[in-house]
Amino acid sequence: MTASAGDQLAAVPDVFDPRQYAAGIPHDRYRLLRDQHPVAWQDEPRVLDWPAGPGFWAVTRHRDVVRVLRDSTTYSSHLGATQIRDPDPDDLPFIRRMMLNQDRPDHGRLRRLVSRAFTPRRVERFESLVRDRARTLLAAATDEARDSDGTCDLVTAVTDDYALLNLADLLGVPESDRGLLLRWTQRVIGYQDPDEAGEPKRDQDGRPVNPRSPAMLRDMFAYAQELAAHKRRVPADDIMTTLATDPELTDPELEMFFFLLTVAGNDTVRGAAPGGLLAFAEHPDEYRRFHAGDAPVATTVDELLRHHPPVLTFRRTATQDTVLADRPLRAGDKVVVFHASANHDERVFADPHRLDLSRSPNPHVSFGEGPHVCLGAHFARLQLRVLYEEFRASQPTPPQLAAPPRRLVSNFINGLKSVPVQLSATAPPVTALT
């Protein structure tokens, strides 16, 4: 590149600071990176009292994101785990026990074991229960809106409980313990947002303690072992029974599976569901098409996932010197893929910022790609499909935003803390479910 050409390149924008995501996905910055710096160095300064890091490469084009996610030989989940922040070196061996933070062959073995529990047939059996839950929550939200000038918060009234209770049923968590799942999710996933996690626990030197460290997960692991023991005594048709009675699964592996399913299983739908309902409010013409049956449910689910992916970033570590998008990378460099940027890459998606509920094909990467593609994607799609179908049945007109949505402070999860809407005054009243 000549000096004059280099001078024409815009400065590399920051897409690391989690605080900017509270204002929305920084699509203008993503676009600049895709066009001029598709593999761009990002500094990792001290933010929100969390310590500074060494920096990383941000990968923003769809083609390059897919390449990184598919090539686990060059881009490892094991070396430095999968979060942007480096774990404490003393915690890394513990964190590597999770399937998400492993490479071949260990990853393949654990994925096969848990796949026995997470079968499509088992998930499909939950559809009737999930549909009843969606109807009940939406009916209650409509009643709440009638009693409060037509407004309600879709997150607190519908989607938080919907995601949490569906996961609890699939896992087999007793009703009395289900609040624990939300508490653990907020602590682990929402740790950058004081509204979610509260004041962080600190070590003796006053530094925040990583929420994924062994010290912060003892209560979750103890509960997992108690629940597993109960399932061995009183087996049921749920995932924890299958895992607890699998002779190939060790106790530490079972604990990590419970951690992964609790956190990832809850927050995938907890992030995606309100994002889809918010899109209905922000794109009323597309909602009218969906309500009229002019947009298929399957393509609607995928387009809403593309538009609002539940996960913003995942990290890999280069295992060797390599080149990505003409950028030399060194062994040991952190390489972070940006899902929402890849999902809006003009090189792959025509008019990517237009919501098109009939879009097909739609090769979004909202559930990842390659060997680590989301194991629960089938269950997540089922929940989203049912929720959107029941929302369509309950709402003859598009919801209208009653106030700006409130978003999670996070560079990892694309979360919504509040989506206040005005629902249709003519929505049907609550009816008894049989």
# chains A, B, ... in the order shown; residues from 1 in each chain; ligands from 1
$ select_by_dssp --residues "segment 140-273 of chain A" --states "alpha helix (DSSP H)" --output "PyMOL selection string"
chain A and resi 140-146+154+160-171+178-189+194-197+214-233+239-244+251-273
$ residues_around --residues "Pro87 of chain A" --least-positions-apart "3" --cutoff "12 Å" --atoms "only C-alpha atoms" --output "PyMOL selection string"
chain A and resi 50-53+78-84+90-96+101+209-214
$ write_last_selection --atoms "N, CA, C and O atoms" --output "mmCIF file, in the first residue's frame"
data_model
loop_
_atom_site.group_PDB
_atom_site.id
_atom_site.type_symbol
_atom_site.label_atom_id
_atom_site.label_comp_id
_atom_site.auth_asym_id
_atom_site.auth_seq_id
_atom_site.Cartn_x
_atom_site.Cartn_y
_atom_site.Cartn_z
ATOM 1 N N TRP A 50 -12.488 -3.262 35.209
ATOM 2 C CA TRP A 50 -11.885 -4.540 34.822
ATOM 3 C C TRP A 50 -10.515 -4.264 34.227
ATOM 4 O O TRP A 50 -10.321 -3.279 33.524
ATOM 5 N N PRO A 51 -9.534 -5.104 34.489
ATOM 6 C CA PRO A 51 -8.153 -4.793 34.108
ATOM 7 C C PRO A 51 -7.952 -4.746 32.601
ATOM 8 O O PRO A 51 -8.709 -5.337 31.833
ATOM 9 N N ALA A 52 -6.921 -4.020 32.208
ATOM 10 C CA ALA A 52 -6.558 -3.928 30.797
ATOM 11 C C ALA A 52 -6.040 -5.270 30.298
ATOM 12 O O ALA A 52 -5.567 -6.106 31.066
ATOM 13 N N GLY A 53 -6.133 -5.470 28.985
ATOM 14 C CA GLY A 53 -5.615 -6.676 28.360
ATOM 15 C C GLY A 53 -4.634 -6.329 27.260
ATOM 16 O O GLY A 53 -4.384 -5.144 26.976
ATOM 17 N N HIS A 78 -9.241 -23.508 22.829
ATOM 18 C CA HIS A 78 -8.632 -24.075 24.031
ATOM 19 C C HIS A 78 -7.525 -23.188 24.610
ATOM 20 O O HIS A 78 -7.425 -23.030 25.837
ATOM 21 N N LEU A 79 -6.720 -22.592 23.761
ATOM 22 C CA LEU A 79 -5.511 -21.912 24.239
ATOM 23 C C LEU A 79 -5.824 -20.814 25.237
ATOM 24 O O LEU A 79 -5.222 -20.747 26.308
ATOM 25 N N GLY A 80 -6.743 -19.933 24.897
ATOM 26 C CA GLY A 80 -7.072 -18.824 25.789
ATOM 27 C C GLY A 80 -8.540 -18.741 26.127
ATOM 28 O O GLY A 80 -8.991 -17.714 26.629
ATOM 29 N N ALA A 81 -9.299 -19.818 25.841
ATOM 30 C CA ALA A 81 -10.754 -19.876 26.022
ATOM 31 C C ALA A 81 -11.428 -18.944 25.013
ATOM 32 O O ALA A 81 -10.806 -18.512 24.039
ATOM 33 N N THR A 82 -12.697 -18.610 25.238
ATOM 34 C CA THR A 82 -13.495 -17.998 24.174
ATOM 35 C C THR A 82 -14.045 -16.612 24.514
ATOM 36 O O THR A 82 -14.854 -16.072 23.773
ATOM 37 N N GLN A 83 -13.630 -16.031 25.638
ATOM 38 C CA GLN A 83 -14.022 -14.661 25.981
ATOM 39 C C GLN A 83 -12.891 -13.693 25.642
ATOM 40 O O GLN A 83 -11.722 -14.066 25.664
ATOM 41 N N ILE A 84 -13.262 -12.448 25.331
ATOM 42 C CA ILE A 84 -12.244 -11.461 24.976
ATOM 43 C C ILE A 84 -11.232 -11.303 26.112
ATOM 44 O O ILE A 84 -10.017 -11.348 25.894
ATOM 45 N N ASP A 90 -4.270 -18.942 36.619
ATOM 46 C CA ASP A 90 -4.602 -20.019 37.553
ATOM 47 C C ASP A 90 -5.977 -20.617 37.277
ATOM 48 O O ASP A 90 -6.245 -21.765 37.642
ATOM 49 N N ASP A 91 -6.858 -19.833 36.637
ATOM 50 C CA ASP A 91 -8.215 -20.313 36.347
ATOM 51 C C ASP A 91 -8.311 -21.022 35.004
ATOM 52 O O ASP A 91 -9.290 -21.728 34.742
ATOM 53 N N LEU A 92 -7.325 -20.816 34.121
ATOM 54 C CA LEU A 92 -7.436 -21.324 32.760
ATOM 55 C C LEU A 92 -7.626 -22.837 32.689
ATOM 56 O O LEU A 92 -8.487 -23.310 31.922
ATOM 57 N N PRO A 93 -6.878 -23.658 33.451
ATOM 58 C CA PRO A 93 -7.133 -25.105 33.371
ATOM 59 C C PRO A 93 -8.566 -25.474 33.734
ATOM 60 O O PRO A 93 -9.159 -26.377 33.116
ATOM 61 N N PHE A 94 -9.133 -24.779 34.705
ATOM 62 C CA PHE A 94 -10.523 -25.016 35.091
ATOM 63 C C PHE A 94 -11.470 -24.630 33.959
ATOM 64 O O PHE A 94 -12.382 -25.379 33.595
ATOM 65 N N ILE A 95 -11.285 -23.454 33.368
ATOM 66 C CA ILE A 95 -12.164 -22.963 32.312
ATOM 67 C C ILE A 95 -12.091 -23.872 31.090
ATOM 68 O O ILE A 95 -13.093 -24.062 30.386
ATOM 69 N N ARG A 96 -10.936 -24.470 30.848
ATOM 70 C CA ARG A 96 -10.777 -25.351 29.691
ATOM 71 C C ARG A 96 -11.565 -26.654 29.819
ATOM 72 O O ARG A 96 -11.671 -27.405 28.855
ATOM 73 N N ASN A 101 -14.744 -24.394 25.443
ATOM 74 C CA ASN A 101 -13.349 -23.952 25.468
ATOM 75 C C ASN A 101 -12.390 -25.096 25.159
ATOM 76 O O ASN A 101 -11.297 -25.150 25.711
ATOM 77 N N VAL A 209 -13.405 -10.085 40.644
ATOM 78 C CA VAL A 209 -13.163 -11.510 40.447
ATOM 79 C C VAL A 209 -13.916 -11.975 39.208
ATOM 80 O O VAL A 209 -15.107 -11.687 39.049
ATOM 81 N N ASN A 210 -13.221 -12.655 38.325
ATOM 82 C CA ASN A 210 -13.838 -13.184 37.110
ATOM 83 C C ASN A 210 -15.043 -14.046 37.477
ATOM 84 O O ASN A 210 -14.922 -14.993 38.263
ATOM 85 N N PRO A 211 -16.233 -13.752 36.926
ATOM 86 C CA PRO A 211 -17.421 -14.526 37.293
ATOM 87 C C PRO A 211 -17.368 -15.977 36.827
ATOM 88 O O PRO A 211 -18.190 -16.788 37.263
ATOM 89 N N ARG A 212 -16.401 -16.294 35.965
ATOM 90 C CA ARG A 212 -16.238 -17.677 35.512
ATOM 91 C C ARG A 212 -15.141 -18.417 36.279
ATOM 92 O O ARG A 212 -14.774 -19.535 35.909
ATOM 93 N N SER A 213 -14.623 -17.803 37.326
ATOM 94 C CA SER A 213 -13.575 -18.453 38.105
ATOM 95 C C SER A 213 -14.193 -19.511 39.021
ATOM 96 O O SER A 213 -15.390 -19.455 39.340
ATOM 97 N N PRO A 214 -13.399 -20.487 39.452
ATOM 98 C CA PRO A 214 -13.945 -21.539 40.331
ATOM 99 C C PRO A 214 -14.612 -20.986 41.576
ATOM 100 O O PRO A 214 -15.665 -21.485 41.996
#
$ closest_residue --among "A:Ala236, A:Val297, A:Met216, A:Ala281" --to "Asp203 of chain A" --atoms "only C-alpha atoms"
A:Met216
$ atom_distance --atom1 "atom CA of Leu180 of chain A" --atom2 "atom CA of Leu243 of chain A"
19.7 Å
$ residues_around --residues "Ala145 of chain A" --least-positions-apart "5" --cutoff "12 Å" --atoms "only C-alpha atoms" --output "MDAnalysis selection string"
chainID A and resid 138:140 150:154 157 399 402 420:427 429
$ closest_residue --among "A:Glu282, A:Asp238, A:Glu248, A:Glu303" --to "Val419 of chain A" --atoms "only C-alpha atoms"
A:Glu282
$ closest_residue --among "A:Asp177, A:Asp321, A:Asp71, A:Asp302" --to "Arg104 of chain A" --atoms "only C-alpha atoms"
A:Asp71
$ residues_around --residues "His107 of chain A" --least-positions-apart "4" --cutoff "12 Å" --atoms "only C-alpha atoms" --output "ChimeraX atom specification"
/A:72,76-78,96-103,111-115,253,371-373
$ write_last_selection --atoms "N, CA and C atoms" --output "mmCIF file, in the first residue's frame"
data_model
loop_
_atom_site.group_PDB
_atom_site.id
_atom_site.type_symbol
_atom_site.label_atom_id
_atom_site.label_comp_id
_atom_site.auth_asym_id
_atom_site.auth_seq_id
_atom_site.Cartn_x
_atom_site.Cartn_y
_atom_site.Cartn_z
ATOM 1 N N SER A 72 -10.619 -24.784 13.420
ATOM 2 C CA SER A 72 -10.209 -24.894 14.826
ATOM 3 C C SER A 72 -8.752 -25.312 14.966
ATOM 4 N N SER A 76 -7.796 -21.519 17.862
ATOM 5 C CA SER A 76 -8.126 -22.425 18.956
ATOM 6 C C SER A 76 -9.107 -21.823 19.950
ATOM 7 N N SER A 77 -10.047 -22.651 20.412
ATOM 8 C CA SER A 77 -10.904 -22.287 21.547
ATOM 9 C C SER A 77 -10.246 -22.646 22.870
ATOM 10 N N HIS A 78 -9.241 -23.508 22.829
ATOM 11 C CA HIS A 78 -8.632 -24.075 24.031
ATOM 12 C C HIS A 78 -7.525 -23.188 24.610
ATOM 13 N N ARG A 96 -10.936 -24.470 30.848
ATOM 14 C CA ARG A 96 -10.777 -25.351 29.691
ATOM 15 C C ARG A 96 -11.565 -26.654 29.819
ATOM 16 N N ARG A 97 -12.108 -26.943 31.003
ATOM 17 C CA ARG A 97 -12.918 -28.143 31.156
ATOM 18 C C ARG A 97 -14.262 -28.031 30.444
ATOM 19 N N MET A 98 -14.690 -26.803 30.147
ATOM 20 C CA MET A 98 -15.965 -26.618 29.460
ATOM 21 C C MET A 98 -15.826 -26.939 27.979
ATOM 22 N N MET A 99 -16.817 -27.611 27.422
ATOM 23 C CA MET A 99 -16.795 -28.003 26.012
ATOM 24 C C MET A 99 -16.582 -26.810 25.094
ATOM 25 N N LEU A 100 -17.162 -25.672 25.458
ATOM 26 C CA LEU A 100 -17.035 -24.466 24.644
ATOM 27 C C LEU A 100 -15.585 -24.045 24.478
ATOM 28 N N ASN A 101 -14.744 -24.394 25.443
ATOM 29 C CA ASN A 101 -13.349 -23.952 25.468
ATOM 30 C C ASN A 101 -12.390 -25.096 25.159
ATOM 31 N N GLN A 102 -12.805 -25.988 24.277
ATOM 32 C CA GLN A 102 -11.969 -27.130 23.910
ATOM 33 C C GLN A 102 -11.855 -27.247 22.400
ATOM 34 N N ASP A 103 -10.826 -27.939 21.967
ATOM 35 C CA ASP A 103 -10.609 -28.264 20.559
ATOM 36 C C ASP A 103 -10.670 -29.776 20.396
ATOM 37 N N ARG A 111 -19.064 -33.255 23.012
ATOM 38 C CA ARG A 111 -20.247 -32.873 22.223
ATOM 39 C C ARG A 111 -21.104 -34.089 21.893
ATOM 40 N N ARG A 112 -20.461 -35.208 21.578
ATOM 41 C CA ARG A 112 -21.226 -36.433 21.307
ATOM 42 C C ARG A 112 -21.973 -36.888 22.552
ATOM 43 N N LEU A 113 -21.344 -36.773 23.724
ATOM 44 C CA LEU A 113 -21.998 -37.199 24.954
ATOM 45 C C LEU A 113 -23.248 -36.359 25.234
ATOM 46 N N VAL A 114 -23.120 -35.054 25.157
ATOM 47 C CA VAL A 114 -24.264 -34.218 25.484
ATOM 48 C C VAL A 114 -25.324 -34.269 24.386
ATOM 49 N N SER A 115 -24.927 -34.591 23.162
ATOM 50 C CA SER A 115 -25.900 -34.703 22.078
ATOM 51 C C SER A 115 -26.915 -35.804 22.347
ATOM 52 N N GLU A 253 -17.149 -32.984 34.504
ATOM 53 C CA GLU A 253 -17.737 -32.721 33.187
ATOM 54 C C GLU A 253 -19.223 -32.421 33.317
ATOM 55 N N PRO A 371 -17.238 -26.465 14.066
ATOM 56 C CA PRO A 371 -17.393 -27.492 15.102
ATOM 57 C C PRO A 371 -18.099 -26.997 16.359
ATOM 58 N N HIS A 372 -18.093 -25.682 16.595
ATOM 59 C CA HIS A 372 -18.725 -25.150 17.803
ATOM 60 C C HIS A 372 -20.089 -24.534 17.524
ATOM 61 N N VAL A 373 -20.711 -24.865 16.389
ATOM 62 C CA VAL A 373 -22.044 -24.330 16.122
ATOM 63 C C VAL A 373 -22.962 -24.704 17.285
#
$ select_by_dssp --residues "segment 121-263 of chain A" --states "strand (DSSP E or B)" --output "PyMOL selection string"
chain A and resi 151-153+202+208
$ closest_residue --among "A:Gln36, A:Asn362, A:Thr300, A:Gln383" --to "Arg131 of chain A" --atoms "only C-alpha atoms"
A:Gln383
$ residues_around --residues "Arg289 of chain A" --least-positions-apart "4" --cutoff "12 Å" --atoms "only C-alpha atoms" --output "ChimeraX atom specification"
/A:280,283-285,293-297,300,355-358,392,396-398
$ write_last_selection --atoms "all heavy atoms" --output "compact mmCIF listing (two decimals), in the first residue's frame"
# COMPACT_ATOMS: atom_id res chain seq x y z
N PHE A 280 -40.28 -6.19 15.40
CA PHE A 280 -41.66 -6.04 14.96
C PHE A 280 -42.15 -4.61 15.19
O PHE A 280 -42.87 -4.04 14.36
CB PHE A 280 -42.57 -7.01 15.72
CG PHE A 280 -42.46 -8.45 15.30
CD1 PHE A 280 -42.80 -9.47 16.18
CD2 PHE A 280 -42.05 -8.80 14.02
CE1 PHE A 280 -42.72 -10.80 15.81
CE2 PHE A 280 -41.96 -10.13 13.63
CZ PHE A 280 -42.29 -11.14 14.53
N HIS A 283 -40.29 -2.18 12.74
CA HIS A 283 -40.56 -2.42 11.31
C HIS A 283 -42.01 -2.86 11.15
O HIS A 283 -42.29 -4.02 10.82
CB HIS A 283 -39.60 -3.47 10.76
CG HIS A 283 -38.16 -3.12 10.92
ND1 HIS A 283 -37.43 -2.43 9.98
CD2 HIS A 283 -37.29 -3.35 11.95
CE1 HIS A 283 -36.20 -2.25 10.40
NE2 HIS A 283 -36.08 -2.81 11.59
N PRO A 284 -42.96 -1.95 11.37
CA PRO A 284 -44.38 -2.34 11.38
C PRO A 284 -44.87 -2.93 10.06
O PRO A 284 -45.74 -3.80 10.06
CB PRO A 284 -45.10 -1.03 11.72
CG PRO A 284 -44.13 0.06 11.42
CD PRO A 284 -42.78 -0.52 11.67
N ASP A 285 -44.32 -2.47 8.93
CA ASP A 285 -44.77 -3.03 7.65
C ASP A 285 -44.40 -4.50 7.53
O ASP A 285 -45.18 -5.30 6.99
CB ASP A 285 -44.17 -2.24 6.48
CG ASP A 285 -44.79 -0.85 6.35
OD1 ASP A 285 -45.88 -0.62 6.93
OD2 ASP A 285 -44.18 0.00 5.67
N GLY A 293 -49.51 -13.53 6.90
CA GLY A 293 -49.06 -14.81 6.36
C GLY A 293 -48.23 -14.70 5.11
O GLY A 293 -47.97 -15.69 4.43
N ASP A 294 -47.78 -13.47 4.78
CA ASP A 294 -46.98 -13.27 3.57
C ASP A 294 -45.49 -13.50 3.80
O ASP A 294 -44.71 -13.48 2.84
CB ASP A 294 -47.19 -11.84 3.05
CG ASP A 294 -48.62 -11.59 2.58
OD1 ASP A 294 -49.29 -12.58 2.22
OD2 ASP A 294 -49.05 -10.43 2.61
N ALA A 295 -45.09 -13.70 5.04
CA ALA A 295 -43.69 -14.01 5.37
C ALA A 295 -43.68 -15.33 6.12
O ALA A 295 -44.29 -15.44 7.20
CB ALA A 295 -43.08 -12.90 6.22
N PRO A 296 -43.01 -16.35 5.60
CA PRO A 296 -43.00 -17.66 6.27
C PRO A 296 -42.38 -17.58 7.67
O PRO A 296 -41.48 -16.77 7.92
CB PRO A 296 -42.15 -18.53 5.35
CG PRO A 296 -42.16 -17.84 4.02
CD PRO A 296 -42.27 -16.38 4.33
N VAL A 297 -42.86 -18.41 8.57
CA VAL A 297 -42.35 -18.38 9.94
C VAL A 297 -40.87 -18.75 9.97
O VAL A 297 -40.08 -18.13 10.70
CB VAL A 297 -43.16 -19.34 10.85
CG1 VAL A 297 -42.58 -19.35 12.26
CG2 VAL A 297 -44.62 -18.92 10.90
N THR A 300 -38.80 -15.91 8.83
CA THR A 300 -38.94 -14.84 9.83
C THR A 300 -38.00 -15.06 11.01
O THR A 300 -37.30 -14.14 11.45
CB THR A 300 -40.40 -14.76 10.31
OG1 THR A 300 -41.23 -14.32 9.24
CG2 THR A 300 -40.53 -13.79 11.49
N LEU A 355 -34.90 -5.01 7.12
CA LEU A 355 -35.49 -6.24 7.65
C LEU A 355 -36.39 -6.84 6.58
O LEU A 355 -37.36 -6.21 6.14
CB LEU A 355 -36.29 -5.94 8.92
CG LEU A 355 -36.77 -7.18 9.68
CD1 LEU A 355 -35.61 -7.84 10.43
CD2 LEU A 355 -37.88 -6.82 10.67
N ASP A 356 -36.07 -8.05 6.15
CA ASP A 356 -36.84 -8.75 5.12
C ASP A 356 -37.18 -10.13 5.65
O ASP A 356 -36.35 -11.05 5.62
CB ASP A 356 -36.02 -8.85 3.82
CG ASP A 356 -36.75 -9.62 2.73
OD1 ASP A 356 -37.91 -10.01 2.94
OD2 ASP A 356 -36.13 -9.83 1.66
N LEU A 357 -38.40 -10.29 6.15
CA LEU A 357 -38.78 -11.54 6.80
C LEU A 357 -38.94 -12.70 5.82
O LEU A 357 -39.17 -13.83 6.25
CB LEU A 357 -40.08 -11.33 7.60
CG LEU A 357 -39.99 -10.30 8.73
CD1 LEU A 357 -41.31 -10.22 9.49
CD2 LEU A 357 -38.84 -10.60 9.68
N SER A 358 -38.79 -12.43 4.53
CA SER A 358 -38.79 -13.50 3.53
C SER A 358 -37.39 -13.77 2.99
O SER A 358 -37.23 -14.54 2.04
CB SER A 358 -39.72 -13.13 2.36
OG SER A 358 -41.05 -12.97 2.79
N ARG A 392 -48.15 -13.22 17.02
CA ARG A 392 -48.98 -12.87 15.85
C ARG A 392 -50.46 -13.14 16.12
O ARG A 392 -51.32 -12.34 15.76
CB ARG A 392 -48.50 -13.68 14.64
CG ARG A 392 -49.33 -13.50 13.39
CD ARG A 392 -48.72 -14.23 12.21
NE ARG A 392 -48.67 -15.67 12.41
CZ ARG A 392 -48.16 -16.52 11.53
NH1 ARG A 392 -47.61 -16.07 10.41
NH2 ARG A 392 -48.15 -17.82 11.77
N PRO A 396 -53.13 -8.17 16.56
CA PRO A 396 -53.54 -7.93 15.17
C PRO A 396 -52.82 -6.75 14.52
O PRO A 396 -52.79 -6.65 13.29
CB PRO A 396 -55.04 -7.66 15.29
CG PRO A 396 -55.24 -7.20 16.70
CD PRO A 396 -54.22 -7.93 17.52
N THR A 397 -52.25 -5.86 15.32
CA THR A 397 -51.52 -4.72 14.77
C THR A 397 -50.12 -4.69 15.36
O THR A 397 -49.88 -5.27 16.43
CB THR A 397 -52.23 -3.38 15.08
OG1 THR A 397 -52.33 -3.24 16.51
CG2 THR A 397 -53.62 -3.35 14.47
N PRO A 398 -49.17 -4.03 14.71
CA PRO A 398 -47.80 -4.01 15.22
C PRO A 398 -47.73 -3.35 16.60
O PRO A 398 -48.44 -2.38 16.86
CB PRO A 398 -47.03 -3.17 14.18
CG PRO A 398 -47.88 -3.20 12.96
CD PRO A 398 -49.29 -3.31 13.42
$ closest_residue --among "A:Pro13, A:Pro310, A:Pro352, A:Pro274" --to "Pro405 of chain A" --atoms "only C-alpha atoms"
A:Pro274
$ residues_around --residues "Glu199 of chain A" --least-positions-apart "4" --cutoff "12 Å" --atoms "only C-alpha atoms" --output "list in words"
Leu48, Asp49, Arg187, Gly190, Tyr191, Gln192, Asp193, Pro194, Asp195, Arg207, Pro208, Val209 and Pro211 of chain A
$ write_last_selection --atoms "N, CA, C and O atoms" --output "JSON list (two decimals), in the first residue's frame"
[["chain", "number", "residue", "atom", "x", "y", "z"],
["A", 48, "LEU", "N", -14.56, -0.09, 33.19],
["A", 48, "LEU", "CA", -15.50, -0.47, 34.24],
["A", 48, "LEU", "C", -14.79, -1.22, 35.37],
["A", 48, "LEU", "O", -15.33, -2.17, 35.94],
["A", 49, "ASP", "N", -13.57, -0.81, 35.64],
["A", 49, "ASP", "CA", -12.76, -1.37, 36.73],
["A", 49, "ASP", "C", -12.22, -2.76, 36.42],
["A", 49, "ASP", "O", -11.60, -3.39, 37.28],
["A", 187, "ARG", "N", -25.19, -13.13, 36.71],
["A", 187, "ARG", "CA", -23.86, -12.98, 37.30],
["A", 187, "ARG", "C", -22.76, -13.28, 36.28],
["A", 187, "ARG", "O", -21.75, -12.59, 36.21],
["A", 190, "GLY", "N", -24.02, -11.11, 32.47],
["A", 190, "GLY", "CA", -24.19, -9.66, 32.57],
["A", 190, "GLY", "C", -23.20, -8.98, 33.48],
["A", 190, "GLY", "O", -23.49, -7.91, 34.01],
["A", 191, "TYR", "N", -22.01, -9.57, 33.67],
["A", 191, "TYR", "CA", -21.08, -9.05, 34.68],
["A", 191, "TYR", "C", -20.58, -7.65, 34.36],
["A", 191, "TYR", "O", -20.12, -6.93, 35.25],
["A", 192, "GLN", "N", -20.67, -7.21, 33.08],
["A", 192, "GLN", "CA", -20.21, -5.87, 32.74],
["A", 192, "GLN", "C", -21.27, -4.80, 33.04],
["A", 192, "GLN", "O", -20.98, -3.61, 32.96],
["A", 193, "ASP", "N", -22.49, -5.23, 33.36],
["A", 193, "ASP", "CA", -23.61, -4.31, 33.56],
["A", 193, "ASP", "C", -24.02, -4.32, 35.02],
["A", 193, "ASP", "O", -24.50, -5.33, 35.53],
["A", 194, "PRO", "N", -23.85, -3.20, 35.73],
["A", 194, "PRO", "CA", -24.20, -3.18, 37.16],
["A", 194, "PRO", "C", -25.66, -3.51, 37.43],
["A", 194, "PRO", "O", -26.00, -4.04, 38.49],
["A", 195, "ASP", "N", -26.57, -3.19, 36.49],
["A", 195, "ASP", "CA", -27.98, -3.51, 36.68],
["A", 195, "ASP", "C", -28.21, -5.02, 36.74],
["A", 195, "ASP", "O", -29.13, -5.50, 37.41],
["A", 207, "ARG", "N", -9.39, -6.09, 43.16],
["A", 207, "ARG", "CA", -9.70, -6.31, 41.76],
["A", 207, "ARG", "C", -10.96, -7.15, 41.61],
["A", 207, "ARG", "O", -11.19, -8.07, 42.41],
["A", 208, "PRO", "N", -11.82, -6.88, 40.59],
["A", 208, "PRO", "CA", -13.00, -7.70, 40.38],
["A", 208, "PRO", "C", -12.61, -9.16, 40.11],
["A", 208, "PRO", "O", -11.61, -9.43, 39.44],
["A", 209, "VAL", "N", -13.41, -10.08, 40.64],
["A", 209, "VAL", "CA", -13.16, -11.51, 40.45],
["A", 209, "VAL", "C", -13.92, -11.97, 39.21],
["A", 209, "VAL", "O", -15.11, -11.69, 39.05],
["A", 211, "PRO", "N", -16.23, -13.75, 36.93],
["A", 211, "PRO", "CA", -17.42, -14.53, 37.29],
["A", 211, "PRO", "C", -17.37, -15.98, 36.83],
["A", 211, "PRO", "O", -18.19, -16.79, 37.26]]
$ residues_around --residues "Glu196 of chain A" --least-positions-apart "5" --cutoff "10 Å" --atoms "only C-alpha atoms" --output "list in words"
Arg183, Thr185, Gln186, Arg187, Val188, Ile189, Gly190, Tyr191, Leu408, Val409 and Lys417 of chain A
$ closest_residue --among "A:Gly415, A:Gly332, A:Pro45, A:Pro404" --to "His308 of chain A" --atoms "only C-alpha atoms"
A:Gly415
$ closest_atom_pairs --of "segment 201-285 of chain A" --to "segment 116-128 of chain A" --cutoff "10 Å" --atoms "only C-alpha atoms" --output "Markdown table"
| residue | atom | partner | partner_atom | distance |
| --- | --- | --- | --- | --- |
| A:Asp237 | CA | A:Arg122 | CA | 8.2 |
| A:Asp238 | CA | A:Ala117 | CA | 7.8 |
| A:Ile239 | CA | A:Ala117 | CA | 5.2 |
| A:Met240 | CA | A:Ala117 | CA | 8.1 |
| A:Thr241 | CA | A:Ala117 | CA | 8.6 |
| A:Thr242 | CA | A:Ala117 | CA | 5.7 |
| A:Leu243 | CA | A:Ala117 | CA | 6.9 |
| A:Asp246 | CA | A:Arg116 | CA | 9.5 |
